[in-house]
Structure formats: structure tokens, C-alpha cells
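Participant: Below is the file input_33.cif, which contains mmCIF, C-alpha atoms and all ligand atoms.
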data_model
loop_
_atom_site.label_atom_id
_atom_site.label_comp_id
_atom_site.auth_asym_id
_atom_site.auth_seq_id
_atom_site.Cartn_x
_atom_site.Cartn_y
_atom_site.Cartn_z
CA MET A 1 -42.84 -10.45 17.51
CA THR A 2 -42.15 -12.93 14.72
CA ASP A 3 -38.59 -13.13 13.44
CA LEU A 4 -38.89 -12.86 9.69
CA THR A 5 -35.17 -13.26 8.97
CA GLU A 6 -33.86 -16.41 7.27
CA THR A 7 -30.22 -17.34 6.82
CA HIS A 8 -29.10 -19.26 3.73
CA HIS A 9 -25.57 -20.68 3.80
CA VAL A 10 -23.74 -20.56 0.46
CA PRO A 11 -20.84 -23.04 0.48
CA ALA A 12 -17.53 -22.03 -1.07
CA ARG A 13 -17.49 -22.70 -4.85
CA GLU A 14 -21.30 -23.15 -5.00
CA ALA A 15 -24.44 -21.13 -5.74
CA ARG A 16 -27.75 -20.78 -3.99
CA MET A 17 -31.06 -19.31 -5.19
CA VAL A 18 -33.92 -17.90 -3.13
CA ALA A 19 -37.35 -16.66 -4.20
CA LEU A 20 -37.90 -13.07 -3.06
CA ALA A 21 -41.21 -11.23 -2.93
CA ALA A 22 -41.43 -7.50 -3.61
CA GLY A 23 -40.30 -5.70 -0.45
CA ASP A 24 -38.10 -8.52 0.86
CA ILE A 25 -34.59 -7.46 1.86
CA VAL A 26 -31.51 -9.59 1.32
CA ASP A 27 -28.07 -9.03 2.80
CA VAL A 28 -25.21 -10.66 0.87
CA VAL A 29 -22.78 -11.26 3.72
CA ASN A 30 -19.06 -11.79 3.13
CA THR A 31 -18.72 -14.10 6.11
CA HIS A 32 -14.93 -14.52 6.08
CA GLY A 33 -14.04 -11.51 3.92
CA GLY A 34 -12.38 -11.35 0.50
CA GLN A 35 -14.91 -13.48 -1.38
CA VAL A 36 -16.28 -12.43 -4.78
CA VAL A 37 -20.02 -13.11 -5.11
CA ASP A 38 -21.61 -13.32 -8.58
CA THR A 39 -25.16 -12.02 -8.19
CA TRP A 40 -28.23 -12.39 -10.43
CA ALA A 41 -31.96 -11.65 -10.26
CA PHE A 42 -34.75 -12.88 -12.56
CA PRO A 43 -38.39 -11.68 -12.60
CA GLN A 44 -40.88 -14.36 -11.64
CA ASP A 45 -43.44 -13.12 -14.18
CA ALA A 46 -41.24 -13.11 -17.29
CA PRO A 47 -39.06 -16.13 -18.07
CA GLY A 48 -35.96 -15.03 -19.97
CA GLU A 49 -35.92 -11.51 -18.52
CA TYR A 50 -32.97 -10.79 -16.23
CA MET A 51 -31.29 -8.12 -14.13
CA SER A 52 -29.07 -6.45 -16.71
CA MET A 53 -25.70 -4.87 -15.98
CA GLU A 54 -25.66 -3.18 -19.39
CA HIS A 55 -29.11 -1.62 -18.93
CA SER A 56 -28.44 -0.65 -15.30
CA ARG A 57 -25.18 1.08 -16.24
CA ILE A 58 -26.98 3.16 -18.87
CA LEU A 59 -29.83 3.89 -16.45
CA HIS A 60 -27.31 5.67 -14.20
CA TYR A 61 -24.81 6.55 -16.94
CA ARG A 62 -22.02 5.17 -14.76
CA MET A 63 -19.89 2.02 -14.79
CA THR A 64 -20.68 1.10 -11.16
CA PHE A 65 -23.58 1.37 -8.75
CA ARG A 66 -23.93 3.18 -5.43
CA PRO A 67 -26.27 2.79 -2.47
CA GLY A 68 -29.56 4.41 -3.44
CA ASP A 69 -29.35 3.20 -7.06
CA VAL A 70 -31.92 0.84 -8.52
CA LEU A 71 -30.99 -2.01 -10.85
CA CYS A 72 -33.17 -2.83 -13.81
CA THR A 73 -33.86 -5.71 -16.15
CA ASP A 74 -33.25 -5.95 -19.88
CA ALA A 75 -36.84 -4.69 -20.24
CA TRP A 76 -35.93 -1.60 -18.13
CA ARG A 77 -38.07 -2.74 -15.19
CA THR A 78 -36.76 -2.00 -11.70
CA ILE A 79 -35.92 -5.28 -9.99
CA LEU A 80 -33.65 -4.42 -7.02
CA THR A 81 -32.68 -1.39 -4.98
CA PHE A 82 -29.09 -1.15 -3.70
CA MET A 83 -29.79 -0.02 -0.15
CA GLU A 84 -26.59 -0.23 1.88
CA ASP A 85 -22.94 -1.25 1.59
CA THR A 86 -20.56 -1.82 4.51
CA SER A 87 -17.76 -3.11 2.22
CA PRO A 88 -15.06 -0.93 0.54
CA GLY A 89 -17.69 -0.46 -2.18
CA VAL A 90 -16.03 -1.88 -5.30
CA HIS A 91 -18.36 -4.22 -7.24
CA ASP A 92 -17.48 -5.13 -10.84
CA THR A 93 -20.25 -4.82 -13.45
CA LEU A 94 -18.26 -5.87 -16.54
CA CYS A 95 -16.96 -9.44 -16.18
CA PRO A 96 -19.09 -12.33 -17.43
CA ALA A 97 -19.51 -15.26 -15.07
CA CYS A 98 -16.57 -17.63 -15.09
CA CYS A 99 -17.40 -20.81 -17.01
CA ALA A 100 -15.69 -24.13 -17.72
CA PRO A 101 -14.00 -22.93 -20.95
CA SER A 102 -12.78 -19.67 -19.38
CA TYR A 103 -10.50 -21.56 -16.98
CA GLU A 104 -8.87 -23.31 -19.90
CA ILE A 105 -8.74 -20.30 -22.26
CA PHE A 106 -7.36 -17.75 -19.80
CA TYR A 107 -5.37 -19.87 -17.36
CA GLY A 108 -4.56 -23.10 -19.19
CA HIS A 109 -6.39 -25.20 -16.64
CA GLU A 110 -6.74 -28.85 -17.67
CA GLY A 111 -9.95 -30.72 -16.90
CA TYR A 112 -13.13 -29.43 -15.34
CA HIS A 113 -13.02 -26.48 -12.95
CA ASP A 114 -15.95 -25.41 -10.78
CA ASN A 115 -17.45 -22.24 -12.22
CA CYS A 116 -20.17 -19.68 -11.59
CA ALA A 117 -22.08 -20.33 -14.84
CA ASP A 118 -22.59 -24.02 -14.06
CA ASN A 119 -23.35 -23.10 -10.44
CA LEU A 120 -26.24 -20.91 -11.63
CA ARG A 121 -27.51 -23.66 -13.93
CA ALA A 122 -27.48 -26.10 -10.99
CA ALA A 123 -29.37 -23.60 -8.83
CA PHE A 124 -32.12 -23.34 -11.50
CA ASP A 125 -32.23 -27.14 -11.70
CA ARG A 126 -32.77 -27.40 -7.95
CA MET A 127 -35.69 -24.94 -8.23
CA GLY A 128 -37.19 -27.07 -11.00
CA ARG A 129 -36.74 -24.27 -13.53
CA ASN A 130 -35.11 -24.24 -16.91
CA PRO A 131 -31.74 -22.52 -16.77
CA PRO A 132 -31.52 -19.39 -18.96
CA ARG A 133 -28.58 -18.16 -20.91
CA ILE A 134 -26.20 -16.83 -18.27
CA PRO A 135 -26.46 -13.03 -17.95
CA THR A 136 -23.47 -11.00 -16.87
CA PRO A 137 -23.66 -11.04 -13.08
CA TRP A 138 -23.22 -8.14 -10.72
CA ASN A 139 -19.90 -9.22 -9.22
CA LEU A 140 -20.22 -8.07 -5.64
CA PHE A 141 -16.94 -7.37 -3.82
CA MET A 142 -14.93 -8.01 -7.03
CA GLU A 143 -12.22 -5.41 -7.51
CA THR A 144 -11.71 -5.51 -11.25
CA VAL A 145 -11.26 -1.81 -11.95
CA ILE A 146 -10.67 0.44 -14.95
CA ARG A 147 -7.22 2.06 -15.18
CA ASP A 148 -6.42 5.06 -17.39
CA ASN A 149 -10.01 5.10 -18.71
CA ASP A 150 -9.32 1.93 -20.65
CA THR A 151 -7.42 -1.01 -19.17
CA LEU A 152 -8.94 -3.51 -16.76
CA GLU A 153 -6.99 -4.59 -13.70
CA ASP A 154 -7.78 -7.40 -11.21
CA ASN A 155 -7.12 -6.75 -7.55
CA PRO A 156 -7.79 -8.91 -4.48
CA SER A 157 -11.09 -8.12 -2.79
CA ARG A 158 -10.50 -5.96 0.31
CA THR A 159 -13.91 -6.79 1.79
CA GLY A 160 -13.64 -7.59 5.49
CA PRO A 161 -15.29 -10.42 7.45
CA GLY A 162 -18.99 -9.82 8.02
CA GLN A 163 -19.24 -6.88 5.61
CA TYR A 164 -22.32 -6.95 3.42
CA VAL A 165 -24.38 -5.43 0.63
CA ARG A 166 -28.10 -4.89 1.36
CA LEU A 167 -30.61 -5.13 -1.49
CA ARG A 168 -34.41 -4.86 -1.65
CA ALA A 169 -36.52 -6.77 -4.14
CA GLU A 170 -38.78 -4.43 -6.09
CA MET A 171 -40.70 -7.25 -7.77
CA ASP A 172 -41.19 -10.96 -7.11
CA CYS A 173 -37.98 -12.53 -8.35
CA LEU A 174 -35.52 -15.37 -8.17
CA PHE A 175 -32.32 -14.14 -6.58
CA ALA A 176 -29.10 -16.14 -6.95
CA VAL A 177 -25.50 -15.83 -5.82
CA SER A 178 -22.39 -17.89 -6.54
CA ALA A 179 -19.37 -17.87 -4.23
CA CYS A 180 -16.89 -17.68 -7.12
CA PRO A 181 -14.51 -20.69 -7.26
CA GLN A 182 -11.73 -18.68 -8.92
CA ASP A 183 -8.48 -19.97 -7.38
CA LEU A 184 -6.09 -19.51 -10.33
CA ILE A 185 -5.75 -15.73 -9.99
CA VAL A 186 -5.91 -13.73 -6.78
CA ILE A 187 -9.27 -11.99 -6.70
CA ASN A 188 -10.79 -13.86 -3.75
CA GLY A 189 -8.91 -12.05 -0.97
CA THR A 190 -5.15 -11.80 -0.68
CA ASP A 191 -4.70 -15.61 -0.54
CA GLY A 192 -7.01 -16.34 -3.49
CA VAL A 193 -8.89 -19.05 -1.59
CA PRO A 194 -12.68 -19.33 -2.26
CA ARG A 195 -14.78 -19.23 0.90
CA ASP A 196 -18.42 -19.57 1.87
CA VAL A 197 -20.81 -16.64 2.21
CA GLU A 198 -24.31 -16.14 3.55
CA LEU A 199 -27.64 -14.66 2.49
CA ARG A 200 -29.76 -13.06 5.21
CA VAL A 201 -33.31 -12.58 3.97
CA THR A 202 -35.79 -10.40 5.85
CA ARG A 203 -39.32 -10.99 4.61
CA ALA A 204 -41.57 -7.99 4.06
CA ALA A 205 -44.58 -9.78 5.53
ZN ZN A 301 -16.80 -17.21 -10.88
#
Could you render the structure as C-alpha cells?
Facilitator:
Amino acid sequence: MTDLTETHHVPAREARMVALAAGDIVDVVNTHGGQVVDTWAFPQDAPGEYMSMEHSRILHYRMTFRPGDVLCTDAWRTILTFMEDTSPGVHDTLCPACCAPSYEIFYGHEGYHDNCADNLRAAFDRMGRNPPRIPTPWNLFMETVIRDNDTLEDNPSRTGPGQYVRLRAEMDCLFAVSACPQDLIVINGTDGVPRDVELRVTRAA
């Protein structure tokens, strides 16, 4: 029997992109635990269209997604199904990707800081594609939660080593993740240190 599973290593502070065909399954694996993983998907047949947090929230009329939910694009097309989750199950849908200015504006960082927005642009470059505007990612394992129906609160990710989220592509798409380089606040585990993660892709055929 042919092994149809591929492993893609995602180094700490970097992004990787893989092309998925409809029916392919991808596990986003938190290899060492505690790592926030910004996650995007883009239809192959419609440049500019993207997996949309704002549309997917309204599709389910909830702020977060659960196994069994589908995620849709900004044209309301189903792009991924959320199949399984072995993590504590908290995945932010609100925060935009960190970017070079955000490290200066929010944390007073001087000079360039690695960031998820530039990581996604670099991943498009490596695929020979034009980078889009950066959509709000699905921030897997990121425990930014809503308190008192209003206030946002950042907590360290409690995801354990080897825990994962399993997704299925529902259309041919480009799928990208960034192992968030945030090291100025403690969201990446209790020590706030960015670490590498892994994509395990099982091809449908
Ligand atoms: Zn980030």
C-alpha cells in the first residue's frame, strides 16, 4: 500500500505553504506544544479570494469554530472542514496577523521583528505567486479569549506536545501556516519562546 502522507517541517518564526487538492487532509501538529500557528487558505481558482474569519463566524453565528464546522471564503464558498482537535480547543479568530509595525506600535520594539504577515508574503514568493493583502488568519492554538462579553485577554497556549488540529480541503487551495514569532508577550507557551511545528498532509489520491 502506498504511503500518501507527507511531512512538512515549519521552522520556528517562519511560514510554509502547501498546495492541497480537494479531499486532502492536513494535520497542523504542535510538535513541542505551546506554539501559536497563524493559518490561511486561498482557492486555487480565484486569486484574491481567501478563507475568511469574518464570513466563517457569521456562517456559524459563533466567535469560534468546533470540530465538524466548515470554514468558508469571502465569497461564502466552503474551503476547509475542521475535522478533529486533540488540543485544549481554543483557537483565536479575531487577531490580525502580526506585522512589522505591530511590534513597534504595541510593544515599542526597535528595528525589524520577524512577523507572520511577511512570512506569508515570503511563502507566496517561494510559490511564484503574487502575495495578496493579508487576511486575518485563523490563529490555531492561540488563547486570546473574550472576557465579560467584551474585553480581550491574552493567555499562554496550553497546547501540549504533539497535539494537532485536523483539516480537510474542500476545494483545491493553497494552505499556509506561520509559526508565530511573537516573543515580546507570552502567548507561545508559558515561556513565550517560538518553536517549530509540522504539517502532515495525507493525499486523497
Ligand atoms: Zn504572528
Participant: Kindly give the distance, in Å, that separates atom CA of A:Ala21 and atom CA of A:Leu71, rounded to a single decimal.
Facilitator: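 A separation of 15.9 Å between them.
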Participant: Work out how far apart atom CA of A:Val10 and atom CA of A:Ala123 are and give it in Å to one decimal.
Facilitator: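 Taking atom CA of A:Val10 and atom CA of A:Ala123, their separation equals 11.3 Å.
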Participant: Would you work out the distance separating atom CA of A:Phe141 from atom CA of A:Val90, expressed in Å to one decimal?
Facilitator: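 Interatomic distance, atom CA of A:Phe141 to atom CA of A:Val90: 5.8 Å.
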Participant: Counting all atoms listed in the file, find residues at most 10 Å from (-34.5, -15.8, 11.8) (file frame) and give them as an mmCIF file with C-alpha atoms, in the frame of the given file.
Facilitator:
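Once everything was written out, this is point_1.cif:
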data_model
loop_
_atom_site.group_PDB
_atom_site.id
_atom_site.type_symbol
_atom_site.label_atom_id
_atom_site.label_comp_id
_atom_site.auth_asym_id
_atom_site.auth_seq_id
_atom_site.Cartn_x
_atom_site.Cartn_y
_atom_site.Cartn_z
ATOM 1 C CA THR A 2 -42.150 -12.930 14.720
ATOM 2 C CA ASP A 3 -38.590 -13.130 13.440
ATOM 3 C CA LEU A 4 -38.890 -12.860 9.690
ATOM 4 C CA THR A 5 -35.170 -13.260 8.970
ATOM 5 C CA GLU A 6 -33.860 -16.410 7.270
ATOM 6 C CA THR A 7 -30.220 -17.340 6.820
ATOM 7 C CA ARG A 200 -29.760 -13.060 5.210
ATOM 8 C CA VAL A 201 -33.310 -12.580 3.970
ATOM 9 C CA THR A 202 -35.790 -10.400 5.850
ATOM 10 C CA ARG A 203 -39.320 -10.990 4.610
#
Participant: Excluding same-chain residues fewer than 5 positions from stretch 181-188 of chain A, what lies within 8 Å of it counting only C-alpha atoms, as a count of residues only?
Facilitator: 19
Participant: Measuring between all atoms listed in the file, which one of A:Asp27, A:Arg62, A:Thr190, A:Gly111 shows the shortest distance to A:Gly160?
Facilitator: A:Thr190
Participant: Within 6 Å of (-33.9, -9.3, -16.5), all atoms listed in the file: residues as a PyMOL selection string?
Facilitator: chain A and resi 42+49-52+73-74
Participant: Excluding same-chain residues fewer than 3 positions from A:Thr64, what lies within 9 Å of it counting all atoms listed in the file, as a list of chain:residue names?
Facilitator: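 What passes the distance filter is A:Ser56, A:Arg57, A:His60, A:Tyr61, A:Val90, A:His91, A:Asp92, A:Thr93.
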Participant: Between A:Arg195, A:Arg158, A:Arg77, A:His9, which one has atoms that come closest to A:Gly89, using all atoms listed in the file?
Facilitator: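 Closest to A:Gly89 of all the choices is A:Arg158.
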Participant: Near A:Val18, counting all atoms listed in the file, which residues have an atom at most 7 Å away, once you skip same-chain residues fewer than 4 positions from it, shown as a list in words?
Facilitator: Leu174, Phe175 and Ala176 of chain A
Participant: With only C-alpha atoms as the atoms that count, which of A:Gly48, A:Pro88, A:Gly128, A:Pro135 lies nearest to A:Arg66?
Facilitator: A:Pro88
Participant: Quick one: everything within 10 Å of A:Met17, counting all atoms listed in the file, minus sequence neighbours fewer than 5 positions away in the same chain. Send it as a ChimeraX atom specification.
Facilitator: /A:8,10,39-41,120,122-124,126-127,174-178,199
Participant: Considering only C-alpha atoms and all ligand atoms, can you say which of A:Cys173, A:Ile58, A:Cys180, A:Met53 comes closest to ligand ZN 301 (chain A)?
Facilitator: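 Closest to ligand ZN 301 (chain A) of all the choices is A:Cys180.
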Participant: Determine the nearest neighbour of ligand ZN 301 (chain A) from the options A:Pro131, A:Gly108, A:Pro161, A:Pro96, counting only C-alpha atoms and all ligand atoms.
Facilitator: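 With only C-alpha atoms and all ligand atoms as the atom set, the closest residue is A:Pro96.
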Participant: Export stretch 67-98 of chain A of the preceding structure, keeping N, CA, C and O atoms, as a compact mmCIF listing (two decimals), in the first residue's frame.
Facilitator:
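Printed below is decode_27.txt as written:
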# COMPACT_ATOMS: atom_id res chain seq x y z
N PRO A 67 -14.90 21.22 15.95
CA PRO A 67 -14.81 20.10 15.01
C PRO A 67 -16.19 19.81 14.42
O PRO A 67 -17.20 19.82 15.12
N GLY A 68 -16.21 19.60 13.12
CA GLY A 68 -17.47 19.42 12.39
C GLY A 68 -17.86 20.66 11.60
O GLY A 68 -18.62 20.58 10.64
N ASP A 69 -17.36 21.84 12.01
CA ASP A 69 -17.66 23.08 11.30
C ASP A 69 -16.90 23.13 9.96
O ASP A 69 -15.78 22.61 9.86
N VAL A 70 -17.49 23.80 8.99
CA VAL A 70 -16.74 24.15 7.78
C VAL A 70 -16.30 25.60 7.90
O VAL A 70 -16.89 26.39 8.65
N LEU A 71 -15.24 25.93 7.16
CA LEU A 71 -14.80 27.33 7.05
C LEU A 71 -15.00 27.76 5.62
O LEU A 71 -14.82 26.96 4.69
N CYS A 72 -15.37 29.03 5.44
CA CYS A 72 -15.71 29.48 4.10
C CYS A 72 -14.84 30.67 3.71
O CYS A 72 -14.14 31.27 4.54
N THR A 73 -14.93 30.99 2.43
CA THR A 73 -14.17 32.12 1.89
C THR A 73 -15.01 33.39 1.97
O THR A 73 -16.17 33.38 2.38
N ASP A 74 -14.41 34.49 1.52
CA ASP A 74 -15.15 35.76 1.48
C ASP A 74 -16.19 35.76 0.38
O ASP A 74 -16.97 36.71 0.28
N ALA A 75 -16.24 34.67 -0.44
CA ALA A 75 -17.35 34.52 -1.40
C ALA A 75 -18.31 33.42 -0.91
O ALA A 75 -19.11 32.91 -1.70
N TRP A 76 -18.22 33.07 0.37
CA TRP A 76 -19.10 32.10 1.03
C TRP A 76 -18.94 30.69 0.49
O TRP A 76 -19.83 29.86 0.60
N ARG A 77 -17.80 30.39 -0.15
CA ARG A 77 -17.57 29.02 -0.62
C ARG A 77 -16.84 28.22 0.46
O ARG A 77 -15.89 28.72 1.08
N THR A 78 -17.26 26.99 0.66
CA THR A 78 -16.61 26.13 1.65
C THR A 78 -15.21 25.77 1.17
O THR A 78 -15.04 25.28 0.05
N ILE A 79 -14.23 26.01 2.02
CA ILE A 79 -12.84 25.75 1.63
C ILE A 79 -12.19 24.68 2.49
O ILE A 79 -11.38 23.88 1.99
N LEU A 80 -12.51 24.63 3.79
CA LEU A 80 -11.94 23.63 4.69
C LEU A 80 -13.04 23.07 5.59
O LEU A 80 -14.01 23.78 5.89
N THR A 81 -12.85 21.83 6.03
CA THR A 81 -13.65 21.30 7.13
C THR A 81 -12.73 21.06 8.32
O THR A 81 -11.64 20.51 8.17
N PHE A 82 -13.17 21.52 9.49
CA PHE A 82 -12.47 21.31 10.77
C PHE A 82 -12.89 19.92 11.25
O PHE A 82 -14.01 19.73 11.69
N MET A 83 -11.98 18.95 11.13
CA MET A 83 -12.37 17.56 11.37
C MET A 83 -12.14 17.10 12.80
O MET A 83 -12.95 16.37 13.37
N GLU A 84 -10.99 17.48 13.37
CA GLU A 84 -10.61 16.88 14.66
C GLU A 84 -9.68 17.84 15.39
O GLU A 84 -8.95 18.61 14.75
N ASP A 85 -9.69 17.76 16.72
CA ASP A 85 -8.86 18.66 17.53
C ASP A 85 -8.43 17.91 18.78
O ASP A 85 -9.28 17.54 19.59
N THR A 86 -7.14 17.67 18.95
CA THR A 86 -6.66 16.99 20.16
C THR A 86 -6.09 18.00 21.16
O THR A 86 -5.58 17.60 22.20
N SER A 87 -6.13 19.31 20.82
CA SER A 87 -5.61 20.36 21.69
C SER A 87 -6.71 20.77 22.69
O SER A 87 -7.84 20.28 22.60
N PRO A 88 -6.41 21.71 23.62
CA PRO A 88 -7.48 22.21 24.51
C PRO A 88 -8.62 22.89 23.76
O PRO A 88 -9.66 23.18 24.35
N GLY A 89 -8.44 23.21 22.47
CA GLY A 89 -9.57 23.64 21.67
C GLY A 89 -9.82 25.13 21.61
O GLY A 89 -10.90 25.57 21.21
N VAL A 90 -8.84 25.94 21.98
CA VAL A 90 -9.00 27.40 21.92
C VAL A 90 -8.19 27.92 20.74
O VAL A 90 -6.96 27.78 20.71
N HIS A 91 -8.88 28.54 19.76
CA HIS A 91 -8.22 28.98 18.53
C HIS A 91 -8.80 30.34 18.16
O HIS A 91 -9.92 30.44 17.68
N ASP A 92 -8.01 31.40 18.37
CA ASP A 92 -8.49 32.76 18.14
C ASP A 92 -8.90 32.98 16.69
O ASP A 92 -8.25 32.49 15.76
N THR A 93 -9.99 33.74 16.50
CA THR A 93 -10.44 34.09 15.14
C THR A 93 -10.43 35.59 14.90
O THR A 93 -10.87 36.06 13.85
N LEU A 94 -9.96 36.38 15.89
CA LEU A 94 -10.11 37.83 15.83
C LEU A 94 -8.84 38.60 15.48
O LEU A 94 -8.91 39.66 14.86
N CYS A 95 -7.68 38.11 15.92
CA CYS A 95 -6.45 38.91 15.81
C CYS A 95 -5.90 38.89 14.40
O CYS A 95 -5.71 37.82 13.81
N PRO A 96 -5.58 40.05 13.84
CA PRO A 96 -4.88 40.08 12.56
C PRO A 96 -3.49 39.49 12.74
O PRO A 96 -2.98 39.38 13.86
N ALA A 97 -2.87 39.10 11.63
CA ALA A 97 -1.50 38.60 11.69
C ALA A 97 -0.59 39.68 12.25
O ALA A 97 -0.74 40.86 11.92
N CYS A 98 0.39 39.27 13.07
CA CYS A 98 1.38 40.25 13.49
C CYS A 98 2.15 40.72 12.26
O CYS A 98 2.31 39.98 11.28
